[in-house]
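Next comes protein-v4.cif, a file with mmCIF, C-alpha atoms.
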data_start
#
loop_
_atom_site.group_PDB
_atom_site.id
_atom_site.type_symbol
_atom_site.label_atom_id
_atom_site.label_comp_id
_atom_site.auth_asym_id
_atom_site.auth_seq_id
_atom_site.Cartn_x
_atom_site.Cartn_y
_atom_site.Cartn_z
ATOM 1 C CA MET B 1 7.455 -12.602 -6.964
ATOM 2 C CA ILE B 2 5.838 -9.170 -7.143
ATOM 3 C CA ILE B 3 8.491 -6.433 -7.176
ATOM 4 C CA GLY B 4 8.793 -2.703 -7.778
ATOM 5 C CA SER B 5 6.473 0.231 -7.226
ATOM 6 C CA LEU B 6 3.157 -0.998 -5.831
ATOM 7 C CA VAL B 7 0.716 1.884 -5.471
ATOM 8 C CA ALA B 8 -1.555 1.880 -2.436
ATOM 9 C CA LEU B 9 -4.410 3.145 -4.582
ATOM 10 C CA VAL B 10 -6.947 5.648 -3.310
ATOM 11 C CA THR B 11 -10.629 4.891 -3.798
ATOM 12 C CA PRO B 12 -12.049 7.851 -5.769
ATOM 13 C CA MET B 13 -15.453 9.066 -4.643
ATOM 14 C CA GLN B 14 -18.156 11.456 -5.727
ATOM 15 C CA ASP B 15 -18.949 14.470 -3.572
ATOM 16 C CA ASP B 16 -21.662 12.425 -1.819
ATOM 17 C CA GLY B 17 -19.160 9.710 -0.909
ATOM 18 C CA GLN B 18 -20.251 7.139 -3.479
ATOM 19 C CA VAL B 19 -17.444 5.287 -5.251
ATOM 20 C CA ASP B 20 -16.561 6.947 -8.569
ATOM 21 C CA TRP B 21 -16.214 3.908 -10.815
ATOM 22 C CA LEU B 22 -15.184 5.862 -13.908
ATOM 23 C CA ALA B 23 -12.412 7.661 -12.029
ATOM 24 C CA LEU B 24 -11.261 4.338 -10.575
ATOM 25 C CA THR B 25 -11.021 2.844 -14.058
ATOM 26 C CA GLN B 26 -9.082 5.865 -15.282
ATOM 27 C CA LEU B 27 -6.655 5.667 -12.362
ATOM 28 C CA VAL B 28 -5.878 2.020 -13.112
ATOM 29 C CA GLU B 29 -5.279 2.811 -16.786
ATOM 30 C CA TRP B 30 -3.009 5.701 -15.810
ATOM 31 C CA HIS B 31 -0.899 3.438 -13.593
ATOM 32 C CA VAL B 32 -0.580 0.839 -16.335
ATOM 33 C CA ALA B 33 0.632 3.519 -18.750
ATOM 34 C CA ALA B 34 2.984 5.051 -16.170
ATOM 35 C CA GLY B 35 4.819 1.787 -15.491
ATOM 36 C CA THR B 36 3.536 1.087 -11.993
ATOM 37 C CA HIS B 37 4.316 -2.547 -11.211
ATOM 38 C CA GLY B 38 1.310 -3.343 -9.040
ATOM 39 C CA ILE B 39 -1.800 -1.953 -7.390
ATOM 40 C CA VAL B 40 -2.967 -2.486 -3.843
ATOM 41 C CA ALA B 41 -6.749 -2.165 -4.011
ATOM 42 C CA VAL B 42 -8.632 -1.164 -0.868
ATOM 43 C CA GLY B 43 -5.741 -0.998 1.496
ATOM 44 C CA THR B 44 -5.977 1.563 4.280
ATOM 45 C CA THR B 45 -5.116 4.291 1.738
ATOM 46 C CA GLY B 46 -8.161 3.057 -0.179
ATOM 47 C CA GLU B 47 -10.359 3.830 2.865
ATOM 48 C CA SER B 48 -11.062 0.194 3.649
ATOM 49 C CA PRO B 49 -12.414 1.035 7.131
ATOM 50 C CA THR B 50 -15.358 2.960 5.667
ATOM 51 C CA LEU B 51 -16.275 0.755 2.702
ATOM 52 C CA ALA B 52 -19.056 -1.792 3.085
ATOM 53 C CA VAL B 53 -18.051 -5.370 2.276
ATOM 54 C CA ASP B 54 -19.882 -5.351 -1.052
ATOM 55 C CA GLU B 55 -18.178 -2.088 -2.042
ATOM 56 C CA HIS B 56 -14.824 -3.396 -0.867
ATOM 57 C CA LEU B 57 -15.094 -6.448 -3.096
ATOM 58 C CA ALA B 58 -16.545 -4.455 -5.999
ATOM 59 C CA VAL B 59 -13.525 -2.130 -5.989
ATOM 60 C CA ILE B 60 -11.160 -5.113 -5.991
ATOM 61 C CA ARG B 61 -13.124 -6.734 -8.829
ATOM 62 C CA THR B 62 -13.050 -3.533 -10.891
ATOM 63 C CA VAL B 63 -9.299 -3.124 -10.463
ATOM 64 C CA VAL B 64 -8.693 -6.752 -11.466
ATOM 65 C CA GLU B 65 -10.919 -6.429 -14.534
ATOM 66 C CA VAL B 66 -9.402 -3.148 -15.714
ATOM 67 C CA ALA B 67 -5.826 -4.219 -15.006
ATOM 68 C CA ALA B 68 -6.474 -7.379 -17.047
ATOM 69 C CA GLY B 69 -3.161 -8.944 -16.106
ATOM 70 C CA ARG B 70 -1.075 -5.947 -17.182
ATOM 71 C CA LEU B 71 0.158 -5.395 -13.642
ATOM 72 C CA ALA B 72 -0.172 -7.227 -10.357
ATOM 73 C CA VAL B 73 -3.229 -6.645 -8.188
ATOM 74 C CA ILE B 74 -2.985 -7.056 -4.431
ATOM 75 C CA ALA B 75 -6.179 -6.884 -2.388
ATOM 76 C CA GLY B 76 -6.291 -5.311 1.030
ATOM 77 C CA THR B 77 -8.122 -7.928 3.105
ATOM 78 C CA GLY B 78 -6.911 -7.313 6.635
ATOM 79 C CA ALA B 79 -9.206 -6.942 9.641
ATOM 80 C CA ASN B 80 -9.009 -6.992 13.410
ATOM 81 C CA SER B 81 -11.214 -10.098 13.339
ATOM 82 C CA THR B 82 -9.439 -13.204 12.099
ATOM 83 C CA ARG B 83 -12.717 -14.648 10.831
ATOM 84 C CA GLU B 84 -13.467 -11.485 8.825
ATOM 85 C CA ALA B 85 -9.949 -11.421 7.384
ATOM 86 C CA ILE B 86 -10.329 -15.031 6.249
ATOM 87 C CA GLU B 87 -13.671 -14.276 4.593
ATOM 88 C CA LEU B 88 -12.335 -11.188 2.772
ATOM 89 C CA THR B 89 -9.192 -13.004 1.668
ATOM 90 C CA ALA B 90 -11.181 -15.950 0.356
ATOM 91 C CA ALA B 91 -13.488 -13.617 -1.568
ATOM 92 C CA ALA B 92 -10.512 -11.767 -3.068
ATOM 93 C CA ALA B 93 -8.967 -15.072 -4.120
ATOM 94 C CA GLN B 94 -12.174 -15.964 -5.965
ATOM 95 C CA ILE B 95 -12.081 -12.604 -7.762
ATOM 96 C CA GLY B 96 -8.621 -13.460 -9.051
ATOM 97 C CA VAL B 97 -6.127 -11.161 -7.328
ATOM 98 C CA ASP B 98 -2.429 -11.976 -7.345
ATOM 99 C CA ALA B 99 -1.998 -11.605 -3.583
ATOM 100 C CA ALA B 100 -3.583 -10.217 -0.421
ATOM 101 C CA LEU B 101 -2.228 -7.573 1.947
ATOM 102 C CA LEU B 102 -3.184 -8.162 5.580
ATOM 103 C CA VAL B 103 -2.737 -5.352 8.080
ATOM 104 C CA THR B 104 -2.090 -6.304 11.687
ATOM 105 C CA PRO B 105 -5.293 -6.414 13.753
ATOM 106 C CA TYR B 106 -5.907 -2.888 14.973
ATOM 107 C CA TYR B 107 -7.291 -1.541 18.244
ATOM 108 C CA ASN B 108 -7.710 -4.847 20.064
ATOM 109 C CA LYS B 109 -3.902 -5.122 20.451
ATOM 110 C CA PRO B 110 -3.197 -8.865 20.226
ATOM 111 C CA THR B 111 -0.045 -10.267 21.773
ATOM 112 C CA GLN B 112 2.820 -11.476 19.596
ATOM 113 C CA GLU B 113 1.416 -14.990 19.970
ATOM 114 C CA GLY B 114 -1.974 -13.710 18.871
ATOM 115 C CA LEU B 115 -0.436 -12.095 15.786
ATOM 116 C CA TYR B 116 1.330 -15.337 14.916
ATOM 117 C CA GLN B 117 -1.847 -17.392 15.284
ATOM 118 C CA HIS B 118 -3.900 -14.794 13.357
ATOM 119 C CA TYR B 119 -1.685 -14.896 10.281
ATOM 120 C CA LYS B 120 -1.146 -18.633 10.476
ATOM 121 C CA ALA B 121 -4.923 -19.204 10.528
ATOM 122 C CA ILE B 122 -5.540 -17.011 7.476
ATOM 123 C CA ALA B 123 -2.697 -18.575 5.507
ATOM 124 C CA GLU B 124 -3.907 -22.076 6.260
ATOM 125 C CA ALA B 125 -7.509 -21.203 5.395
ATOM 126 C CA VAL B 126 -6.965 -19.500 2.025
ATOM 127 C CA SER B 127 -4.683 -20.668 -0.767
ATOM 128 C CA LEU B 128 -3.515 -17.238 -1.970
ATOM 129 C CA PRO B 129 -0.121 -15.503 -1.676
ATOM 130 C CA GLN B 130 -0.318 -13.273 1.404
ATOM 131 C CA ILE B 131 1.722 -10.236 2.434
ATOM 132 C CA LEU B 132 1.749 -9.238 6.091
ATOM 133 C CA TYR B 133 1.499 -5.529 6.896
ATOM 134 C CA ASN B 134 3.025 -3.930 9.979
ATOM 135 C CA VAL B 135 2.154 -0.256 10.516
ATOM 136 C CA PRO B 136 2.261 0.348 14.275
ATOM 137 C CA GLY B 137 1.729 4.087 13.927
ATOM 138 C CA ARG B 138 -1.778 3.448 12.602
ATOM 139 C CA THR B 139 -2.844 0.206 14.274
ATOM 140 C CA GLY B 140 -1.526 0.478 17.816
ATOM 141 C CA VAL B 141 0.152 -2.938 17.523
ATOM 142 C CA ASP B 142 3.706 -3.692 16.448
ATOM 143 C CA MET B 143 4.584 -7.115 15.056
ATOM 144 C CA GLN B 144 8.162 -7.793 16.072
ATOM 145 C CA ASN B 145 10.726 -9.145 13.618
ATOM 146 C CA ALA B 146 11.026 -12.344 15.609
ATOM 147 C CA THR B 147 7.296 -12.954 15.229
ATOM 148 C CA VAL B 148 7.518 -12.488 11.469
ATOM 149 C CA ALA B 149 10.413 -14.951 11.363
ATOM 150 C CA ARG B 150 8.250 -17.529 13.177
ATOM 151 C CA LEU B 151 5.948 -17.490 10.144
ATOM 152 C CA ILE B 152 8.702 -18.652 7.788
ATOM 153 C CA GLY B 153 7.522 -21.824 6.123
ATOM 154 C CA VAL B 154 3.817 -21.237 6.724
ATOM 155 C CA PRO B 155 2.194 -21.926 3.340
ATOM 156 C CA ASN B 156 1.012 -18.887 1.365
ATOM 157 C CA ILE B 157 2.843 -16.226 3.405
ATOM 158 C CA VAL B 158 5.186 -14.647 0.857
ATOM 159 C CA GLY B 159 6.117 -11.228 2.213
ATOM 160 C CA ILE B 160 5.682 -8.351 4.614
ATOM 161 C CA LYS B 161 5.112 -4.636 4.194
ATOM 162 C CA ASP B 162 7.261 -2.908 6.802
ATOM 163 C CA ALA B 163 5.842 0.578 7.381
ATOM 164 C CA THR B 164 7.849 1.340 10.499
ATOM 165 C CA GLY B 165 10.170 3.715 8.624
ATOM 166 C CA ASP B 166 13.078 2.199 10.564
ATOM 167 C CA VAL B 167 15.627 1.194 7.912
ATOM 168 C CA ALA B 168 17.928 -0.575 10.387
ATOM 169 C CA ARG B 169 15.024 -2.653 11.631
ATOM 170 C CA GLY B 170 14.009 -3.399 8.046
ATOM 171 C CA ILE B 171 17.528 -4.541 7.166
ATOM 172 C CA GLU B 172 17.500 -6.829 10.192
ATOM 173 C CA LEU B 173 14.184 -8.254 9.004
ATOM 174 C CA ILE B 174 15.559 -8.877 5.501
ATOM 175 C CA GLY B 175 18.441 -10.789 7.071
ATOM 176 C CA LEU B 176 16.120 -12.872 9.235
ATOM 177 C CA LEU B 177 13.788 -13.794 6.381
ATOM 178 C CA GLY B 178 16.383 -14.457 3.694
ATOM 179 C CA ASP B 179 14.757 -15.927 0.590
ATOM 180 C CA HIS B 180 11.734 -17.176 2.534
ATOM 181 C CA MET B 181 9.731 -13.933 2.441
ATOM 182 C CA ALA B 182 9.984 -10.686 0.509
ATOM 183 C CA VAL B 183 10.204 -7.433 2.433
ATOM 184 C CA TYR B 184 8.451 -4.374 0.999
ATOM 185 C CA SER B 185 8.828 -0.851 2.269
ATOM 186 C CA GLY B 186 5.682 0.885 3.415
ATOM 187 C CA ASP B 187 7.375 4.225 4.041
ATOM 188 C CA ASP B 188 7.989 6.411 0.995
ATOM 189 C CA ALA B 189 10.678 8.533 2.653
ATOM 190 C CA THR B 190 12.946 5.550 3.368
ATOM 191 C CA ALA B 191 11.850 3.123 0.655
ATOM 192 C CA ILE B 192 14.813 3.511 -1.682
ATOM 193 C CA ASP B 193 17.315 2.881 1.118
ATOM 194 C CA LEU B 194 15.467 -0.274 2.115
ATOM 195 C CA ILE B 195 15.290 -1.559 -1.476
ATOM 196 C CA LEU B 196 19.006 -0.934 -1.924
ATOM 197 C CA ASN B 197 19.488 -3.175 1.117
ATOM 198 C CA GLY B 198 17.413 -6.050 -0.225
ATOM 199 C CA ALA B 199 13.729 -5.103 -0.083
ATOM 200 C CA LYS B 200 11.719 -6.065 -3.161
ATOM 201 C CA GLY B 201 9.680 -2.921 -3.628
ATOM 202 C CA ASN B 202 7.669 -0.093 -2.149
ATOM 203 C CA ILE B 203 3.958 -0.132 -1.355
ATOM 204 C CA SER B 204 3.570 3.558 -1.928
ATOM 205 C CA VAL B 205 1.247 6.461 -1.211
ATOM 206 C CA THR B 206 3.363 8.890 -3.242
ATOM 207 C CA ALA B 207 3.011 6.684 -6.331
ATOM 208 C CA ASN B 208 -0.623 7.811 -6.451
ATOM 209 C CA VAL B 209 0.511 11.217 -7.727
ATOM 210 C CA ALA B 210 3.958 10.484 -9.181
ATOM 211 C CA PRO B 211 3.725 6.956 -10.595
ATOM 212 C CA GLU B 212 6.393 7.254 -13.296
ATOM 213 C CA VAL B 213 9.117 8.650 -11.048
ATOM 214 C CA MET B 214 8.365 6.175 -8.256
ATOM 215 C CA ALA B 215 8.431 3.245 -10.675
ATOM 216 C CA GLN B 216 11.733 4.403 -12.152
ATOM 217 C CA ALA B 217 13.264 4.964 -8.696
ATOM 218 C CA CYS B 218 12.262 1.472 -7.578
ATOM 219 C CA GLU B 219 13.624 -0.070 -10.778
ATOM 220 C CA ALA B 220 16.944 1.720 -10.300
ATOM 221 C CA ALA B 221 17.186 0.629 -6.665
ATOM 222 C CA LEU B 222 16.359 -2.975 -7.548
ATOM 223 C CA ALA B 223 19.124 -2.854 -10.160
ATOM 224 C CA GLY B 224 21.576 -1.564 -7.540
ATOM 225 C CA ASP B 225 21.953 1.862 -9.170
ATOM 226 C CA ALA B 226 22.022 3.886 -5.963
ATOM 227 C CA GLU B 227 22.935 7.184 -7.600
ATOM 228 C CA ARG B 228 20.024 7.138 -10.042
ATOM 229 C CA ALA B 229 17.600 5.761 -7.444
ATOM 230 C CA HIS B 230 18.436 8.492 -4.943
ATOM 231 C CA GLY B 231 18.346 11.154 -7.625
ATOM 232 C CA LEU B 232 14.827 10.160 -8.633
ATOM 233 C CA SER B 233 13.714 9.735 -5.033
ATOM 234 C CA ASN B 234 14.999 13.204 -4.158
ATOM 235 C CA GLN B 235 12.541 14.646 -6.679
ATOM 236 C CA LEU B 236 9.781 13.262 -4.468
ATOM 237 C CA ALA B 237 11.266 14.123 -1.074
ATOM 238 C CA GLU B 238 8.916 17.017 -0.309
ATOM 239 C CA LEU B 239 5.892 15.051 -1.518
ATOM 240 C CA ASN B 240 6.865 12.134 0.711
ATOM 241 C CA GLN B 241 6.566 14.480 3.684
ATOM 242 C CA VAL B 242 3.538 16.646 2.893
ATOM 243 C CA LEU B 243 1.333 13.753 1.782
ATOM 244 C CA PHE B 244 1.206 12.912 5.486
ATOM 245 C CA ILE B 245 0.634 16.458 6.746
ATOM 246 C CA GLU B 246 -2.835 15.234 7.737
ATOM 247 C CA SER B 247 -4.003 11.659 8.122
ATOM 248 C CA ASN B 248 -3.546 9.541 4.994
ATOM 249 C CA PRO B 249 -5.344 9.509 2.540
ATOM 250 C CA ILE B 250 -6.606 13.059 3.124
ATOM 251 C CA PRO B 251 -3.641 14.871 1.493
ATOM 252 C CA VAL B 252 -3.126 12.441 -1.393
ATOM 253 C CA LYS B 253 -6.794 12.528 -2.366
ATOM 254 C CA TRP B 254 -6.738 16.326 -2.371
ATOM 255 C CA ALA B 255 -3.536 16.240 -4.449
ATOM 256 C CA LEU B 256 -5.208 14.010 -7.036
ATOM 257 C CA THR B 257 -8.136 16.418 -7.128
ATOM 258 C CA GLU B 258 -5.704 19.281 -7.721
ATOM 259 C CA MET B 259 -4.288 17.231 -10.597
ATOM 260 C CA GLY B 260 -7.754 16.738 -12.075
ATOM 261 C CA ARG B 261 -7.682 12.966 -11.569
ATOM 262 C CA ILE B 262 -10.496 12.560 -9.024
ATOM 263 C CA GLY B 263 -13.185 14.551 -7.255
ATOM 264 C CA LEU B 264 -13.120 15.742 -3.651
ATOM 265 C CA GLY B 265 -15.152 12.845 -2.266
ATOM 266 C CA ILE B 266 -13.940 11.306 0.982
ATOM 267 C CA ARG B 267 -15.864 9.510 3.717
ATOM 268 C CA LEU B 268 -16.319 10.553 7.309
ATOM 269 C CA PRO B 269 -14.688 10.518 9.742
ATOM 270 C CA LEU B 270 -12.043 11.697 7.252
ATOM 271 C CA THR B 271 -12.558 15.171 5.815
ATOM 272 C CA VAL B 272 -11.188 17.163 2.884
ATOM 273 C CA LEU B 273 -7.693 18.601 3.387
ATOM 274 C CA SER B 274 -7.800 21.785 5.442
ATOM 275 C CA GLU B 275 -7.336 25.102 3.669
ATOM 276 C CA ALA B 276 -4.272 25.790 5.812
ATOM 277 C CA ALA B 277 -2.513 22.674 4.492
ATOM 278 C CA GLN B 278 -3.470 23.043 0.831
ATOM 279 C CA PRO B 279 -0.702 25.508 -0.159
ATOM 280 C CA ARG B 280 1.992 23.154 1.126
ATOM 281 C CA VAL B 281 0.645 20.200 -0.830
ATOM 282 C CA ARG B 282 0.236 22.328 -3.951
ATOM 283 C CA ALA B 283 3.806 23.621 -3.613
ATOM 284 C CA ALA B 284 5.157 20.083 -3.262
ATOM 285 C CA LEU B 285 3.281 18.982 -6.372
ATOM 286 C CA GLN B 286 4.821 21.891 -8.263
ATOM 287 C CA ALA B 287 8.335 21.338 -6.884
ATOM 288 C CA SER B 288 8.255 17.672 -7.890
ATOM 289 C CA GLY B 289 7.092 18.496 -11.407
ATOM 290 C CA VAL B 290 3.788 16.676 -10.994
ATOM 291 C CA ILE B 291 1.904 19.889 -11.860
#

Could you express the structure from this file as C-alpha cells?
Amino acid sequence: MIIGSLVALVTPMQDDGQVDWLALTQLVEWHVAAGTHGIVAVGTTGESPTLAVDEHLAVIRTVVEVAAGRLAVIAGTGANSTREAIELTAAAAQIGVDAALLVTPYYNKPTQEGLYQHYKAIAEAVSLPQILYNVPGRTGVDMQNATVARLIGVPNIVGIKDATGDVARGIELIGLLGDHMAVYSGDDATAIDLILNGAKGNISVTANVAPEVMAQACEAALAGDAERAHGLSNQLAELNQVLFIESNPIPVKWALTEMGRIGLGIRLPLTVLSEAAQPRVRAALQASGVI
C-alpha cells in the first residue's frame, strides 16, 4: 500500500509553454531527497487538461525513470471519456507506474450509476492499482460515499482521494471501506485530521513547496502522534490557504518560481499569478520557512 505524503507534482514549463524536462528531473530528485513518499505525475495540478497525450505520457515516463523505484509513482489518467481513461491507464501501466489516479468525469455530470460503471469498466480493463479521485469543487460531479462503497471488491481499485475537505464525510468513508480501500486526503488544510482518523496519506499541493515538512507531518499522523503532526501542519497553515488564492496550480507554480525551482511557464487558459496576489504567496512562503 502506498502511504504518506504524495505530491501532486506540477509540470514545469518554459516561458513558451513547452515542458521543461530538466526542471522536471530536478523536481523529482528534490522530492526523493526531501523524503516525499510518492509522486502523482500529471494530475490536475500537473495541468493534465492542457497536455497533449504524447506529452502526458512523456512526463509520466520521465518521472518513472528519474524516480527509479526510490518512491512510488502514481499517474494521473482520468478523463471524462471512459474510453480515453482506459487508454491512458493502459499506457501508464506499460510505462511502469505503481498506480493510477482517476478523477471523476468532469463537465458531463454522470449519475451515480454512471460513475460506478465508469470506474468498474476501467478497473476491469487494466490490471493496475487504481485510486479514485473525488473533487466536486473542480469537476462539477460528486461521487457519494455509497457509490464508492459499491466498488468494494472490484479488482484493481485500491483507494480514493477525497478532496471534499469534509473531515466528517471522510471519516464516514473510512468506516464504510474498512480494509478494502485506502482513503487519501486531497485537501491540505484538513489532511492531518483525516490521517489521524484512518486515512493513509495526503495527495498534496503544498508538498510541492514544502516537501520535508509535509512528509514529516504525514509520518507523525500515521504513527498516531497528533501533537507532532499538528505542530508540523500548523507551520504550513497559511500556505495551505494561499496556494488556492487563484485556481490551482497558478499559485503553486509561481511559488516554485519564487523559490528558483522552475520558470514562469504555464499554459492557457491558466495565467501567471496576478501581481495583487503575489505578496500574499511570498509572505506565506516566508512565514512557513520555505524561503

Would you write out, as a PyMOL selection string, every residue that the PyMOL selection byres ((chain B and resi 277) around 12) captures in this file? chain B and resi 242-247+250-252+254-255+272-276+278-284

Excluding stretch 69-82 of chain B and its own-chain neighbours fewer than 2 positions away, which residues fall within 6 Å of it when counting only C-alpha atoms? Please give them as an MDAnalysis selection string. chainID B and resid 37:43 67 84:85 88:89 97:103 105:106 118

Could you tell me which residues the PyMOL selection byres ((chain B and resi 286-291) around 9) returns for this structure, as a list in words? Val209, Ala210, Asn234, Gln235, Leu236, Ala237, Glu238, Leu239, Glu258, Met259, Val281, Arg282, Ala283, Ala284 and Leu285 of chain B

Counting all atoms listed in the file, closest pick from B:His31, B:Arg83, B:Arg261, B:Arg150 relative to B:Leu176 is B:Arg150

What does the structure give for the distance between atom CA of B:Glu212 and atom CA of B:Met181, in Å to one decimal? 26.6 Å

Selected by the PyMOL selection byres ((chain B and resi 189-197) around 7) in the shown coordinates: which residues, as a list in words?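 After applying the PyMOL selection byres ((chain B and resi 189-197) around 7), what remains is Gly165, Val167, Gly170, Ile171, Ser185, Asp187, Asp188, Gly198, Ala199, Lys200, Gly201, Asn202, Cys218, Ala221, Leu222, Gly224, Ala226, Ala229, His230, Ala237 and Asn240 of chain B.
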
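Counting from atom CA of B:Ile86, the distance to atom CA of B:Val183 is 22.2 Å.
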
Could you give me, as a PyMOL selection string, the residues that have an atom at most 10 Å away from the point (-3.4, 3.5, -2.5) in the coordinates of the file, using all atoms listed in the file? chain B and resi 6-11+39-47+76+203-208+248-249+252-253
